[in-house]
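model-v5.pdb, holding PDB, C-alpha atoms, pLDDT in the B column:
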```
ATOM      1  CA  MET A   1    -224.482  50.849   7.811  1.00 57.00           C
ATOM      2  CA  ALA A   2    -224.163  50.041   4.120  1.00 73.00           C
ATOM      3  CA  THR A   3    -220.904  51.227   2.625  1.00 82.00           C
ATOM      4  CA  PRO A   4    -221.443  54.004   0.049  1.00 85.00           C
ATOM      5  CA  ASP A   5    -219.930  53.599  -3.414  1.00 89.00           C
ATOM      6  CA  PHE A   6    -217.518  56.503  -2.881  1.00 89.00           C
ATOM      7  CA  VAL A   7    -215.963  54.644   0.082  1.00 87.00           C
ATOM      8  CA  HIS A   8    -215.499  51.510  -2.046  1.00 88.00           C
ATOM      9  CA  THR A   9    -213.682  53.697  -4.583  1.00 89.00           C
ATOM     10  CA  LEU A  10    -211.445  55.159  -1.863  1.00 89.00           C
ATOM     11  CA  ARG A  11    -210.743  51.707  -0.431  1.00 92.00           C
ATOM     12  CA  ALA A  12    -209.602  50.463  -3.847  1.00 90.00           C
ATOM     13  CA  SER A  13    -206.550  52.740  -3.580  1.00 91.00           C
ATOM     14  CA  ALA A  14    -206.268  53.314   0.192  1.00 92.00           C
ATOM     15  CA  GLY A  15    -206.549  49.690   1.281  1.00 93.00           C
ATOM     16  CA  LYS A  16    -207.424  49.113   4.945  1.00 94.00           C
ATOM     17  CA  GLN A  17    -205.735  52.281   6.271  1.00 95.00           C
ATOM     18  CA  LEU A  18    -207.598  54.880   8.308  1.00 96.00           C
ATOM     19  CA  LEU A  19    -210.159  56.899   6.374  1.00 95.00           C
ATOM     20  CA  TRP A  20    -211.448  60.172   7.870  1.00 96.00           C
ATOM     21  CA  LEU A  21    -215.129  60.354   6.926  1.00 96.00           C
ATOM     22  CA  PRO A  22    -218.203  62.482   7.605  1.00 96.00           C
ATOM     23  CA  GLY A  23    -221.095  60.984   9.558  1.00 97.00           C
ATOM     24  CA  VAL A  24    -224.555  62.245  10.421  1.00 98.00           C
ATOM     25  CA  SER A  25    -226.697  60.986  13.309  1.00 98.00           C
ATOM     26  CA  ALA A  26    -230.385  61.791  13.713  1.00 98.00           C
ATOM     27  CA  VAL A  27    -232.213  61.813  17.037  1.00 98.00           C
ATOM     28  CA  VAL A  28    -235.819  61.782  15.840  1.00 98.00           C
ATOM     29  CA  PHE A  29    -238.725  62.724  18.106  1.00 98.00           C
ATOM     30  CA  ASP A  30    -242.422  62.223  17.494  1.00 98.00           C
ATOM     31  CA  ASP A  31    -245.216  64.500  18.765  1.00 97.00           C
ATOM     32  CA  ALA A  32    -245.408  62.447  21.990  1.00 98.00           C
ATOM     33  CA  GLY A  33    -241.700  63.056  22.734  1.00 98.00           C
ATOM     34  CA  ARG A  34    -240.678  59.485  21.953  1.00 98.00           C
ATOM     35  CA  ILE A  35    -237.360  58.757  20.236  1.00 98.00           C
ATOM     36  CA  LEU A  36    -236.945  56.647  17.101  1.00 98.00           C
ATOM     37  CA  LEU A  37    -234.285  53.940  17.373  1.00 98.00           C
ATOM     38  CA  GLY A  38    -233.155  51.095  15.154  1.00 98.00           C
ATOM     39  CA  ARG A  39    -231.668  47.774  16.240  1.00 97.00           C
ATOM     40  CA  ARG A  40    -228.670  47.465  13.934  1.00 94.00           C
ATOM     41  CA  SER A  41    -228.233  44.326  11.842  1.00 91.00           C
ATOM     42  CA  ASP A  42    -224.420  44.519  12.115  1.00 86.00           C
ATOM     43  CA  SER A  43    -224.198  44.632  15.923  1.00 89.00           C
ATOM     44  CA  GLY A  44    -227.676  43.721  17.175  1.00 93.00           C
ATOM     45  CA  ARG A  45    -227.636  46.876  19.336  1.00 96.00           C
ATOM     46  CA  TRP A  46    -230.234  49.616  19.503  1.00 98.00           C
ATOM     47  CA  ALA A  47    -228.922  52.930  18.169  1.00 97.00           C
ATOM     48  CA  VAL A  48    -229.933  56.312  16.826  1.00 98.00           C
ATOM     49  CA  ILE A  49    -230.256  56.442  13.051  1.00 98.00           C
ATOM     50  CA  ALA A  50    -226.972  57.365  11.372  1.00 97.00           C
ATOM     51  CA  GLY A  51    -225.181  57.285   8.056  1.00 95.00           C
ATOM     52  CA  MET A  52    -222.671  58.907   5.752  1.00 95.00           C
ATOM     53  CA  PRO A  53    -223.467  61.803   3.462  1.00 96.00           C
ATOM     54  CA  GLU A  54    -222.749  61.284  -0.194  1.00 94.00           C
ATOM     55  CA  PRO A  55    -220.115  63.667  -1.637  1.00 94.00           C
ATOM     56  CA  GLY A  56    -221.639  67.157  -1.705  1.00 95.00           C
ATOM     57  CA  GLU A  57    -224.724  66.164   0.315  1.00 97.00           C
ATOM     58  CA  GLN A  58    -225.632  68.545   3.135  1.00 97.00           C
ATOM     59  CA  PRO A  59    -225.844  67.071   6.674  1.00 97.00           C
ATOM     60  CA  ALA A  60    -229.561  67.896   7.064  1.00 98.00           C
ATOM     61  CA  ALA A  61    -230.409  66.266   3.736  1.00 98.00           C
ATOM     62  CA  CYS A  62    -228.367  63.220   4.742  1.00 98.00           C
ATOM     63  CA  ALA A  63    -230.259  62.917   8.046  1.00 98.00           C
ATOM     64  CA  VAL A  64    -233.653  63.107   6.334  1.00 98.00           C
ATOM     65  CA  ARG A  65    -232.571  60.559   3.711  1.00 97.00           C
ATOM     66  CA  GLU A  66    -231.053  58.108   6.208  1.00 97.00           C
ATOM     67  CA  VAL A  67    -234.078  58.230   8.526  1.00 98.00           C
ATOM     68  CA  TYR A  68    -236.429  57.495   5.642  1.00 98.00           C
ATOM     69  CA  GLU A  69    -234.216  54.806   4.078  1.00 96.00           C
ATOM     70  CA  GLU A  70    -233.826  52.943   7.367  1.00 96.00           C
ATOM     71  CA  THR A  71    -237.225  53.482   9.031  1.00 98.00           C
ATOM     72  CA  ALA A  72    -239.779  54.821   6.469  1.00 98.00           C
ATOM     73  CA  VAL A  73    -240.310  57.826   8.770  1.00 98.00           C
ATOM     74  CA  ARG A  74    -240.351  61.301   7.205  1.00 98.00           C
ATOM     75  CA  CYS A  75    -238.687  63.979   9.317  1.00 98.00           C
ATOM     76  CA  VAL A  76    -237.445  67.544   9.336  1.00 98.00           C
ATOM     77  CA  VAL A  77    -234.228  68.691  10.968  1.00 98.00           C
ATOM     78  CA  GLU A  78    -234.692  71.166  13.832  1.00 98.00           C
ATOM     79  CA  ARG A  79    -231.125  71.863  14.933  1.00 98.00           C
ATOM     80  CA  ILE A  80    -227.571  70.586  15.332  1.00 98.00           C
ATOM     81  CA  VAL A  81    -227.078  69.191  18.832  1.00 98.00           C
ATOM     82  CA  LEU A  82    -223.428  68.155  18.707  1.00 97.00           C
ATOM     83  CA  VAL A  83    -220.345  67.937  16.526  1.00 97.00           C
ATOM     84  CA  ARG A  84    -217.714  65.447  17.589  1.00 96.00           C
ATOM     85  CA  ALA A  85    -214.786  63.475  16.210  1.00 96.00           C
ATOM     86  CA  LEU A  86    -215.332  59.847  17.168  1.00 94.00           C
ATOM     87  CA  PRO A  87    -212.490  57.456  17.944  1.00 95.00           C
ATOM     88  CA  PRO A  88    -211.185  55.294  15.094  1.00 97.00           C
ATOM     89  CA  HIS A  89    -213.190  52.115  14.508  1.00 93.00           C
ATOM     90  CA  THR A  90    -211.851  48.900  12.985  1.00 94.00           C
ATOM     91  CA  TYR A  91    -214.466  46.845  11.156  1.00 88.00           C
ATOM     92  CA  PRO A  92    -214.399  43.016  11.084  1.00 89.00           C
ATOM     93  CA  ASN A  93    -212.878  43.101   7.571  1.00 92.00           C
ATOM     94  CA  GLY A  94    -209.943  45.217   8.860  1.00 94.00           C
ATOM     95  CA  ASP A  95    -211.031  48.552   7.373  1.00 94.00           C
ATOM     96  CA  ILE A  96    -210.359  51.468   9.726  1.00 96.00           C
ATOM     97  CA  CYS A  97    -212.552  54.575   9.729  1.00 95.00           C
ATOM     98  CA  GLN A  98    -212.830  57.646  11.907  1.00 97.00           C
ATOM     99  CA  PHE A  99    -215.980  59.742  11.679  1.00 96.00           C
ATOM    100  CA  MET A 100    -216.652  63.421  12.244  1.00 97.00           C
ATOM    101  CA  ASP A 101    -220.194  63.100  13.579  1.00 97.00           C
ATOM    102  CA  VAL A 102    -222.777  65.838  13.201  1.00 98.00           C
ATOM    103  CA  THR A 103    -225.804  64.914  15.310  1.00 98.00           C
ATOM    104  CA  VAL A 104    -229.097  66.629  14.532  1.00 98.00           C
ATOM    105  CA  ARG A 105    -232.398  66.740  16.372  1.00 98.00           C
ATOM    106  CA  CYS A 106    -235.325  65.919  14.084  1.00 98.00           C
ATOM    107  CA  LEU A 107    -239.113  65.932  14.258  1.00 98.00           C
ATOM    108  CA  ALA A 108    -241.107  63.159  12.599  1.00 98.00           C
ATOM    109  CA  VAL A 109    -243.690  64.532  10.171  1.00 98.00           C
ATOM    110  CA  GLY A 110    -245.010  61.376   8.501  1.00 98.00           C
ATOM    111  CA  GLY A 111    -244.637  57.715   7.711  1.00 97.00           C
ATOM    112  CA  GLU A 112    -244.995  54.643   9.900  1.00 97.00           C
ATOM    113  CA  ALA A 113    -241.870  53.332  11.623  1.00 97.00           C
ATOM    114  CA  ARG A 114    -240.829  49.992  10.145  1.00 97.00           C
ATOM    115  CA  VAL A 115    -237.703  48.219   8.984  1.00 96.00           C
ATOM    116  CA  ASN A 116    -237.163  49.757   5.553  1.00 92.00           C
ATOM    117  CA  ASP A 117    -233.793  48.274   4.518  1.00 93.00           C
ATOM    118  CA  ASP A 118    -231.289  45.625   5.564  1.00 91.00           C
ATOM    119  CA  GLU A 119    -229.451  47.842   8.080  1.00 90.00           C
ATOM    120  CA  SER A 120    -231.941  47.288  10.909  1.00 93.00           C
ATOM    121  CA  LEU A 121    -233.471  44.230  12.549  1.00 96.00           C
ATOM    122  CA  GLU A 122    -236.169  46.302  14.263  1.00 97.00           C
ATOM    123  CA  VAL A 123    -237.183  49.939  14.598  1.00 98.00           C
ATOM    124  CA  GLY A 124    -239.328  51.500  17.278  1.00 97.00           C
ATOM    125  CA  TRP A 125    -240.356  54.527  19.276  1.00 98.00           C
ATOM    126  CA  PHE A 126    -239.211  54.790  22.896  1.00 98.00           C
ATOM    127  CA  ALA A 127    -239.999  57.186  25.708  1.00 98.00           C
ATOM    128  CA  PRO A 128    -236.779  58.804  26.971  1.00 97.00           C
ATOM    129  CA  SER A 129    -237.325  57.090  30.333  1.00 96.00           C
ATOM    130  CA  ALA A 130    -237.843  53.642  28.776  1.00 97.00           C
ATOM    131  CA  MET A 131    -235.160  53.295  26.116  1.00 96.00           C
ATOM    132  CA  PRO A 132    -233.235  50.068  25.562  1.00 97.00           C
ATOM    133  CA  ASP A 133    -229.555  49.907  26.472  1.00 96.00           C
ATOM    134  CA  LEU A 134    -227.580  52.198  24.151  1.00 97.00           C
ATOM    135  CA  ALA A 135    -223.853  52.543  23.535  1.00 95.00           C
ATOM    136  CA  ALA A 136    -222.391  55.496  25.447  1.00 95.00           C
ATOM    137  CA  HIS A 137    -221.973  57.631  22.310  1.00 94.00           C
ATOM    138  CA  ASP A 138    -225.639  57.101  21.347  1.00 97.00           C
ATOM    139  CA  ARG A 139    -226.829  57.855  24.889  1.00 97.00           C
ATOM    140  CA  PHE A 140    -224.784  61.075  24.754  1.00 97.00           C
ATOM    141  CA  ARG A 141    -226.415  62.020  21.436  1.00 98.00           C
ATOM    142  CA  VAL A 142    -229.877  61.472  22.921  1.00 98.00           C
ATOM    143  CA  ASP A 143    -229.023  63.428  26.080  1.00 97.00           C
ATOM    144  CA  GLN A 144    -227.804  66.370  24.008  1.00 97.00           C
ATOM    145  CA  ALA A 145    -230.931  66.255  21.836  1.00 98.00           C
ATOM    146  CA  LEU A 146    -233.105  66.313  24.975  1.00 98.00           C
ATOM    147  CA  ALA A 147    -231.207  69.285  26.424  1.00 96.00           C
ATOM    148  CA  ASP A 148    -232.279  72.796  25.548  1.00 90.00           C
ATOM    149  CA  GLU A 149    -228.697  73.971  25.155  1.00 95.00           C
ATOM    150  CA  PRO A 150    -226.405  75.331  22.436  1.00 95.00           C
ATOM    151  CA  THR A 151    -224.656  72.897  20.111  1.00 96.00           C
ATOM    152  CA  TRP A 152    -222.124  70.802  22.047  1.00 96.00           C
ATOM    153  CA  PHE A 153    -218.491  70.713  20.944  1.00 94.00           C
ATOM    154  CA  GLU A 154    -215.560  68.839  22.506  1.00 89.00           C
ATOM    155  CA  PRO A 155    -213.744  71.411  24.650  1.00 89.00           C
ATOM    156  CA  ALA A 156    -210.629  72.789  22.945  1.00 85.00           C
TER     157      ALA A 156
END
```

Would you mind giving the structure from this file in structure tokens?
Amino acid sequence: MATPDFVHTLRASAGKQLLWLPGVSAVVFDDAGRILLGRRSDSGRWAVIAGMPEPGEQPAACAVREVYEETAVRCVVERIVLVRALPPHTYPNGDICQFMDVTVRCLAVGGEARVNDDESLEVGWFAPSAMPDLAAHDRFRVDQALADEPTWFEPA
């Protein structure tokens, strides 16, 4: 995920210390029920499309923007499927971030899936029963998006 300018500004004064940041993940379905995934250029792993909202940007707008920027697919947000604080992550350069993830279920409404920026090596549509290996947190996002249940929250 490309680092937004506002994070570079924060890092200039905060250094490598933990930054608490918003994140938005989009589980995008097409009319056939397939799920849009991208194979990340930073890790080489398949993942749901995700990114950080710009200051003041609403989560739904962020999801729509990130999906288009990364895959050239147009989508609409249907609902929030989960809200979860992720564990802290240390990047190879030593920066530490912790994300509050809002995962939304989306429906594709246009565009052709393709690599649309430098954040993905590949993008593709996958049937839920034939997805590539996903990290546990991405598999959980997909499972929640497939479930017809209320928004999931970590139990208090």

So which residues touch Pro87 (chain A) within 12 Å, counting all atoms listed in the file, skipping near sequence neighbours fewer than 4 positions away, as a short mmCIF file (atom, residue, chain, number, x, y, z; two decimals) with C-alpha atoms, in the frame of the given file?
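Written out: part-v9.cif:
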```cif
data_model
loop_
_atom_site.label_atom_id
_atom_site.label_comp_id
_atom_site.auth_asym_id
_atom_site.auth_seq_id
_atom_site.Cartn_x
_atom_site.Cartn_y
_atom_site.Cartn_z
CA LEU A 18 -207.60 54.88 8.31
CA LEU A 19 -210.16 56.90 6.37
CA TRP A 20 -211.45 60.17 7.87
CA LEU A 21 -215.13 60.35 6.93
CA ILE A 96 -210.36 51.47 9.73
CA CYS A 97 -212.55 54.58 9.73
CA GLN A 98 -212.83 57.65 11.91
CA PHE A 99 -215.98 59.74 11.68
CA MET A 100 -216.65 63.42 12.24
CA ASP A 101 -220.19 63.10 13.58
CA HIS A 137 -221.97 57.63 22.31
#
```

On this file, the PyMOL selection byres ((chain A and resi 60) around 12) gives some set of residues; write that set as a VMD selection string. chain A and resid 23 to 27 50 to 54 56 to 59 61 to 67 75 to 80 102 to 106

Taking all listed atoms of region 7-22 of chain A, build the axis-aligned box, pad each of the six sides by 3 Å, then write its centre and edge lengths in Å to one decimal as lines of an AutoDock Vina configuration file.
```
center_x = -212.0
center_y = 55.8
center_z = 1.9
size_x = 18.5
size_y = 19.4
size_z = 18.9
```

Would you kindly return, as a ChimeraX atom specification, each protein, DNA or RNA residue with an atom no farther than 7 Å from any atom of region 108-119 of chain A, considering all atoms listed in the file and excluding same-chain residues fewer than 3 positions away? /A:1-2,28-30,40-41,69-76,122-124

Those residues you just picked out, can you put them in a file as a PDB file, in the frame of the given file with C-alpha atoms?
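Written output follows (result.pdb):
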```
ATOM      1  CA  MET A   1    -224.482  50.849   7.811  1.00 57.00           C
ATOM      2  CA  ALA A   2    -224.163  50.041   4.120  1.00 73.00           C
ATOM      3  CA  VAL A  28    -235.819  61.782  15.840  1.00 98.00           C
ATOM      4  CA  PHE A  29    -238.725  62.724  18.106  1.00 98.00           C
ATOM      5  CA  ASP A  30    -242.422  62.223  17.494  1.00 98.00           C
ATOM      6  CA  ARG A  40    -228.670  47.465  13.934  1.00 94.00           C
ATOM      7  CA  SER A  41    -228.233  44.326  11.842  1.00 91.00           C
ATOM      8  CA  GLU A  69    -234.216  54.806   4.078  1.00 96.00           C
ATOM      9  CA  GLU A  70    -233.826  52.943   7.367  1.00 96.00           C
ATOM     10  CA  THR A  71    -237.225  53.482   9.031  1.00 98.00           C
ATOM     11  CA  ALA A  72    -239.779  54.821   6.469  1.00 98.00           C
ATOM     12  CA  VAL A  73    -240.310  57.826   8.770  1.00 98.00           C
ATOM     13  CA  ARG A  74    -240.351  61.301   7.205  1.00 98.00           C
ATOM     14  CA  CYS A  75    -238.687  63.979   9.317  1.00 98.00           C
ATOM     15  CA  VAL A  76    -237.445  67.544   9.336  1.00 98.00           C
ATOM     16  CA  GLU A 122    -236.169  46.302  14.263  1.00 97.00           C
ATOM     17  CA  VAL A 123    -237.183  49.939  14.598  1.00 98.00           C
ATOM     18  CA  GLY A 124    -239.328  51.500  17.278  1.00 97.00           C
TER      19      GLY A 124
END
```

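Nearest residue to Leu134 (chain A) among A:Ala32, A:Val81, A:Leu37, A:Ala12 is A:Leu37, counting all atoms listed in the file.
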
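Taking CA of Pro155 (chain A) and CA of His89 (chain A) as endpoints, the distance between them is 21.8 Å.
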
Calculate how many Å separate CA of Ser43 (chain A) from CA of Leu121 (chain A), rounding to one decimal.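 Here the two named atoms are 9.9 Å from each other.
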
Work out how far CA of Leu36 (chain A) is from CA of Phe126 (chain A), in Å to one decimal. 6.5 Å

Show me as a ChimeraX atom specification the residues that reach within 8 Å of (-239.5, 61.9, 28.5), counting all atoms listed in the file and using the file's own coordinates. /A:33-34,127-129

Incomplete region 51-62 of chain A brought to all heavy atoms, written out as a PDB file, in the coordinates of the input:
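Listed below is the output, part05.pdb:
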```
ATOM      1  N   GLY A  51    -225.717  57.681   9.346  1.00 95.00           N
ATOM      2  CA  GLY A  51    -225.181  57.285   8.056  1.00 95.00           C
ATOM      3  C   GLY A  51    -224.157  58.274   7.565  1.00 95.00           C
ATOM      4  O   GLY A  51    -223.810  59.231   8.269  1.00 95.00           O
ATOM      5  N   MET A  52    -223.669  58.034   6.362  1.00 95.00           N
ATOM      6  CA  MET A  52    -222.671  58.907   5.752  1.00 95.00           C
ATOM      7  C   MET A  52    -223.293  59.713   4.631  1.00 95.00           C
ATOM      8  O   MET A  52    -224.000  59.154   3.791  1.00 95.00           O
ATOM      9  CB  MET A  52    -221.531  58.076   5.162  1.00 95.00           C
ATOM     10  CG  MET A  52    -220.558  57.567   6.167  1.00 95.00           C
ATOM     11  SD  MET A  52    -219.168  56.749   5.352  1.00 95.00           S
ATOM     12  CE  MET A  52    -219.793  55.077   5.258  1.00 95.00           C
ATOM     13  N   PRO A  53    -223.003  61.021   4.603  1.00 96.00           N
ATOM     14  CA  PRO A  53    -223.467  61.803   3.462  1.00 96.00           C
ATOM     15  C   PRO A  53    -222.703  61.406   2.203  1.00 96.00           C
ATOM     16  O   PRO A  53    -221.530  61.042   2.258  1.00 96.00           O
ATOM     17  CB  PRO A  53    -223.182  63.253   3.855  1.00 96.00           C
ATOM     18  CG  PRO A  53    -222.269  63.203   5.019  1.00 96.00           C
ATOM     19  CD  PRO A  53    -222.318  61.831   5.600  1.00 96.00           C
ATOM     20  N   GLU A  54    -223.397  61.468   1.098  1.00 94.00           N
ATOM     21  CA  GLU A  54    -222.749  61.284  -0.194  1.00 94.00           C
ATOM     22  C   GLU A  54    -221.912  62.539  -0.475  1.00 94.00           C
ATOM     23  O   GLU A  54    -222.174  63.600   0.103  1.00 94.00           O
ATOM     24  CB  GLU A  54    -223.802  61.109  -1.290  1.00 94.00           C
ATOM     25  CG  GLU A  54    -224.625  59.845  -1.151  1.00 94.00           C
ATOM     26  CD  GLU A  54    -223.826  58.583  -1.422  1.00 94.00           C
ATOM     27  OE1 GLU A  54    -222.843  58.634  -2.199  1.00 94.00           O
ATOM     28  OE2 GLU A  54    -224.186  57.538  -0.851  1.00 94.00           O
ATOM     29  N   PRO A  55    -220.893  62.473  -1.324  1.00 94.00           N
ATOM     30  CA  PRO A  55    -220.115  63.667  -1.637  1.00 94.00           C
ATOM     31  C   PRO A  55    -221.027  64.829  -2.057  1.00 94.00           C
ATOM     32  O   PRO A  55    -221.893  64.662  -2.918  1.00 94.00           O
ATOM     33  CB  PRO A  55    -219.207  63.210  -2.783  1.00 94.00           C
ATOM     34  CG  PRO A  55    -219.025  61.738  -2.519  1.00 94.00           C
ATOM     35  CD  PRO A  55    -220.379  61.287  -2.016  1.00 94.00           C
ATOM     36  N   GLY A  56    -220.859  65.968  -1.399  1.00 95.00           N
ATOM     37  CA  GLY A  56    -221.639  67.157  -1.705  1.00 95.00           C
ATOM     38  C   GLY A  56    -222.988  67.227  -1.018  1.00 95.00           C
ATOM     39  O   GLY A  56    -223.651  68.259  -1.074  1.00 95.00           O
ATOM     40  N   GLU A  57    -223.423  66.168  -0.358  1.00 97.00           N
ATOM     41  CA  GLU A  57    -224.724  66.164   0.315  1.00 97.00           C
ATOM     42  C   GLU A  57    -224.638  66.914   1.635  1.00 97.00           C
ATOM     43  O   GLU A  57    -223.718  66.700   2.419  1.00 97.00           O
ATOM     44  CB  GLU A  57    -225.182  64.722   0.560  1.00 97.00           C
ATOM     45  CG  GLU A  57    -226.572  64.610   1.145  1.00 97.00           C
ATOM     46  CD  GLU A  57    -227.018  63.175   1.350  1.00 97.00           C
ATOM     47  OE1 GLU A  57    -226.147  62.301   1.585  1.00 97.00           O
ATOM     48  OE2 GLU A  57    -228.231  62.925   1.269  1.00 97.00           O
ATOM     49  N   GLN A  58    -225.591  67.776   1.888  1.00 97.00           N
ATOM     50  CA  GLN A  58    -225.632  68.545   3.135  1.00 97.00           C
ATOM     51  C   GLN A  58    -226.025  67.633   4.304  1.00 97.00           C
ATOM     52  O   GLN A  58    -226.791  66.676   4.126  1.00 97.00           O
ATOM     53  CB  GLN A  58    -226.626  69.695   3.009  1.00 97.00           C
ATOM     54  CG  GLN A  58    -226.241  70.724   1.969  1.00 97.00           C
ATOM     55  CD  GLN A  58    -224.934  71.438   2.317  1.00 97.00           C
ATOM     56  OE1 GLN A  58    -224.616  71.667   3.472  1.00 97.00           O
ATOM     57  NE2 GLN A  58    -224.175  71.784   1.303  1.00 97.00           N
ATOM     58  N   PRO A  59    -225.516  67.919   5.520  1.00 97.00           N
ATOM     59  CA  PRO A  59    -225.844  67.071   6.674  1.00 97.00           C
ATOM     60  C   PRO A  59    -227.346  66.915   6.926  1.00 97.00           C
ATOM     61  O   PRO A  59    -227.808  65.808   7.216  1.00 97.00           O
ATOM     62  CB  PRO A  59    -225.147  67.771   7.840  1.00 97.00           C
ATOM     63  CG  PRO A  59    -224.003  68.499   7.211  1.00 97.00           C
ATOM     64  CD  PRO A  59    -224.517  68.943   5.864  1.00 97.00           C
ATOM     65  N   ALA A  60    -228.116  67.991   6.811  1.00 98.00           N
ATOM     66  CA  ALA A  60    -229.561  67.896   7.064  1.00 98.00           C
ATOM     67  C   ALA A  60    -230.228  66.979   6.037  1.00 98.00           C
ATOM     68  O   ALA A  60    -231.076  66.150   6.385  1.00 98.00           O
ATOM     69  CB  ALA A  60    -230.204  69.280   7.059  1.00 98.00           C
ATOM     70  N   ALA A  61    -229.843  67.126   4.782  1.00 98.00           N
ATOM     71  CA  ALA A  61    -230.409  66.266   3.736  1.00 98.00           C
ATOM     72  C   ALA A  61    -230.032  64.809   3.988  1.00 98.00           C
ATOM     73  O   ALA A  61    -230.849  63.902   3.786  1.00 98.00           O
ATOM     74  CB  ALA A  61    -229.932  66.720   2.360  1.00 98.00           C
ATOM     75  N   CYS A  62    -228.813  64.573   4.425  1.00 98.00           N
ATOM     76  CA  CYS A  62    -228.367  63.220   4.742  1.00 98.00           C
ATOM     77  C   CYS A  62    -229.219  62.634   5.871  1.00 98.00           C
ATOM     78  O   CYS A  62    -229.656  61.482   5.795  1.00 98.00           O
ATOM     79  CB  CYS A  62    -226.890  63.231   5.133  1.00 98.00           C
ATOM     80  SG  CYS A  62    -226.283  61.618   5.691  1.00 98.00           S
TER      81      CYS A  62
END
```
